[in-house]
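Here is the file input_9.txt (compact mmCIF, C-alpha atoms).
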# COMPACT_ATOMS: atom_id res chain seq x y z
CA MET D 28 0.00 0.00 0.00
CA ASN D 29 1.46 3.37 -0.98
CA THR D 30 1.75 6.27 1.46
CA ASN D 31 -1.19 8.22 -0.01
CA ALA D 32 -3.53 5.20 0.16
CA LEU D 33 -2.40 4.45 3.71
CA SER D 34 -3.02 8.06 4.75
CA ARG D 35 -6.55 7.96 3.26
CA ALA D 36 -7.27 4.66 5.00
CA LEU D 37 -6.08 5.99 8.35
CA THR D 38 -8.09 9.20 7.96
CA ARG D 39 -11.24 7.27 7.09
CA THR D 40 -10.67 4.91 10.02
CA ALA D 41 -10.34 7.88 12.39
CA VAL D 42 -13.53 9.50 11.07
CA LEU D 43 -15.45 6.23 11.36
CA ALA D 44 -14.11 5.67 14.88
CA ALA D 45 -15.17 9.16 15.93
CA SER D 46 -18.63 8.58 14.45
CA ALA D 47 -18.87 5.26 16.27
CA GLY D 48 -18.01 7.05 19.51
CA LEU D 49 -20.83 9.53 18.95
CA LEU D 50 -23.23 6.70 18.17
CA THR D 51 -22.21 4.87 21.32
CA ALA D 52 -22.69 8.05 23.35
CA GLY D 53 -26.17 8.43 21.87
CA LEU D 54 -25.32 11.77 20.30
CA LEU D 55 -25.70 10.74 16.68
CA THR D 56 -28.11 8.33 15.06
CA GLY D 57 -29.52 7.75 11.62
CA PRO D 58 -30.53 7.55 8.95
CA ALA D 59 -33.23 10.17 9.00
CA SER D 60 -36.74 8.86 8.52
CA ALA D 61 -37.79 8.94 4.88
CA ALA D 62 -41.44 9.35 5.88
CA GLY D 63 -40.87 12.61 7.71
CA PRO D 64 -40.92 13.47 11.37
CA ALA D 65 -43.64 12.02 13.56
CA ALA D 66 -45.53 14.35 15.86
CA GLY D 67 -43.30 15.39 18.73
CA ARG D 68 -40.27 13.51 17.37
CA VAL D 69 -37.05 15.17 16.28
CA ASP D 70 -35.32 13.51 13.33
CA THR D 71 -31.63 12.80 13.59
CA LEU D 72 -29.16 12.56 10.75
CA ALA D 73 -26.86 9.77 9.68
CA ALA D 74 -23.13 10.32 10.07
CA CYS D 75 -21.74 10.88 6.58
CA ALA D 76 -18.11 9.86 7.02
CA TYR D 77 -17.08 8.77 3.54
CA TYR D 78 -15.08 11.85 2.52
CA ASN D 79 -13.97 15.12 4.08
CA GLY D 80 -13.09 17.58 1.35
CA HIS D 81 -14.49 19.70 -1.43
CA ALA D 82 -13.04 18.36 -4.70
CA LEU D 83 -15.19 18.67 -7.80
CA THR D 84 -17.52 15.67 -8.01
CA VAL D 85 -19.50 15.03 -11.21
CA HIS D 86 -21.82 12.64 -13.04
CA GLY D 87 -20.17 9.35 -13.94
CA GLN D 88 -17.74 9.24 -11.01
CA ARG D 89 -17.60 6.51 -8.37
CA GLY D 90 -16.15 6.34 -4.89
CA ASP D 91 -16.13 7.88 -1.44
CA ARG D 92 -16.69 11.46 -2.63
CA VAL D 93 -19.85 10.36 -4.42
CA SER D 94 -21.02 8.38 -1.38
CA GLN D 95 -20.52 11.49 0.76
CA VAL D 96 -22.60 13.64 -1.61
CA GLN D 97 -25.32 10.98 -1.68
CA CYS D 98 -25.36 10.62 2.11
CA LEU D 99 -25.68 14.37 2.58
CA LEU D 100 -28.47 14.51 -0.01
CA ALA D 101 -30.25 11.58 1.64
CA ASN D 102 -30.04 13.31 5.02
CA ARG D 103 -31.83 16.27 3.42
CA ARG D 104 -34.33 14.00 1.62
CA TYR D 105 -33.21 14.88 -1.90
CA LEU D 106 -32.23 11.24 -2.45
CA ARG D 107 -33.50 7.92 -1.10
CA TRP D 108 -31.18 5.95 1.19
CA GLY D 109 -31.34 3.02 -1.22
CA ASP D 110 -29.73 5.26 -3.83
CA VAL D 111 -26.56 5.82 -1.77
CA THR D 112 -24.43 3.57 -3.97
CA GLY D 113 -21.16 5.41 -4.54
CA TYR D 114 -22.02 5.89 -8.23
CA PHE D 115 -22.95 9.38 -9.50
CA GLY D 116 -25.73 8.34 -11.85
CA PRO D 117 -28.91 10.02 -13.12
CA LYS D 118 -30.73 9.95 -9.74
CA THR D 119 -27.83 11.65 -7.99
CA LEU D 120 -27.50 14.17 -10.82
CA ALA D 121 -31.20 15.09 -10.56
CA ALA D 122 -30.95 15.34 -6.75
CA VAL D 123 -27.87 17.59 -6.93
CA LYS D 124 -29.56 19.90 -9.47
CA LYS D 125 -32.70 20.13 -7.34
CA PHE D 126 -30.62 20.88 -4.23
CA GLN D 127 -28.59 23.51 -6.08
CA SER D 128 -31.71 25.18 -7.44
CA ARG D 129 -33.36 25.34 -4.02
CA HIS D 130 -30.20 26.83 -2.51
CA HIS D 131 -29.72 29.52 -5.18
CA LEU D 132 -26.66 27.86 -6.70
CA THR D 133 -25.94 27.26 -10.37
CA ALA D 134 -27.99 24.11 -11.03
CA ASN D 135 -25.45 22.34 -13.25
CA GLY D 136 -25.23 19.07 -11.30
CA LYS D 137 -21.53 19.57 -10.52
CA VAL D 138 -20.65 19.37 -6.83
CA ASP D 139 -18.13 22.20 -6.58
CA LYS D 140 -16.85 24.06 -3.50
CA LYS D 141 -20.04 26.15 -3.19
CA THR D 142 -22.28 23.08 -3.41
CA TRP D 143 -20.15 21.16 -0.89
CA HIS D 144 -20.42 24.11 1.49
CA ALA D 145 -24.20 24.28 1.09
CA LEU D 146 -24.53 20.51 1.60
CA TYR D 147 -22.72 20.81 4.92
CA TYR D 148 -23.92 24.14 6.25
CA ALA D 149 -27.06 25.47 4.50
So, in terms of structure tokens, how does the structure I just supplied come out?
Amino acid sequence: MNTNALSRALTRTAVLAASAGLLTAGLLTGPASAAGPAAGRVDTLAACAYYNGHALTVHGQRGDRVSQVQCLLANRRYLRWGDVTGYFGPKTLAAVKKFQSRHHLTANGKVDKKTWHALYYA
């Protein structure tokens, strides 16, 4: 395993371990209910710990960046949990465009720095 791959593996392991600690402490659960919140119940979000960055992510790509986008979209109900596959196909493209449009971003389906920021913080 080369140094870059080892570094990515260790980073992902650390993120997953931190998420597991939050789950164990009862501070983080998920995934969010697809049916919407029940009366008096507060929805919680799934921990999206596939990727921590903001590199351009586009239709046709596969991997952790795509899984991260899909997880964040699923948390916000733009995508179904069953569609979190790690492949940026037509369903993900449509969900990204819809998200971008609703957040006053250029709805081009490309997950750029502005879209990443909105997925995390808007």
* To do: Just the residues within 9 Å of segment 86-93 of chain D, please, counting all atoms listed in the file, with nothing from its chain fewer than 6 positions along; format it as JSON, numbers by chain.
  => {"D": [76, 77, 78, 79, 80, 111, 112, 113, 114, 115, 116, 117, 119, 120, 136, 137]}
Just to be explicit: take each residue in the selection above, keep C-alpha atoms, and write the result as a short mmCIF file (atom, residue, chain, number, x, y, z; two decimals), keeping the file's coordinate frame.
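Here's the written file selection28.cif:
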data_model
loop_
_atom_site.label_atom_id
_atom_site.label_comp_id
_atom_site.auth_asym_id
_atom_site.auth_seq_id
_atom_site.Cartn_x
_atom_site.Cartn_y
_atom_site.Cartn_z
CA ALA D 76 -18.11 9.86 7.02
CA TYR D 77 -17.08 8.77 3.54
CA TYR D 78 -15.08 11.85 2.52
CA ASN D 79 -13.97 15.12 4.08
CA GLY D 80 -13.09 17.58 1.35
CA VAL D 111 -26.56 5.82 -1.77
CA THR D 112 -24.43 3.57 -3.97
CA GLY D 113 -21.16 5.41 -4.54
CA TYR D 114 -22.02 5.89 -8.23
CA PHE D 115 -22.95 9.38 -9.50
CA GLY D 116 -25.73 8.34 -11.85
CA PRO D 117 -28.91 10.02 -13.12
CA THR D 119 -27.83 11.65 -7.99
CA LEU D 120 -27.50 14.17 -10.82
CA GLY D 136 -25.23 19.07 -11.30
CA LYS D 137 -21.53 19.57 -10.52
#
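Relative to atom CA of Trp108 of chain D, atom CA of Thr133 of chain D is found at 24.8 Å.
Across D:Arg129, D:Leu100, D:Leu106, D:Ala122, the tightest approach to Leu146 of chain D is made by D:Leu100 when counting all atoms listed in the file.
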* Atomic separation - atom CA of Trp143 of chain D relative to atom CA of Leu99 of chain D, Å -> 9.4 Å
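Shortest atom-to-atom contact with Val85 of chain D among D:Asp139, D:Ala134, D:Arg104, D:Ser128: D:Asp139, counting all atoms listed in the file.
In this comparison, which uses all atoms listed in the file, the residue of D:Val138, D:Leu83, D:Leu132, D:Val123 approaching Arg103 of chain D most closely is D:Val123.
Here atom CA of Lys141 of chain D stands at a distance of 11.8 Å from atom CA of Thr84 of chain D.
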Around segment 132-147 of chain D, with edges along x, y and z and 6 Å added on all six sides, what centre and edge lengths do you get, in Å to one decimal, as JSON?
{"center_x": -22.4, "center_y": 23.5, "center_z": -4.2, "size_x": 23.1, "size_y": 20.8, "size_z": 30.2}
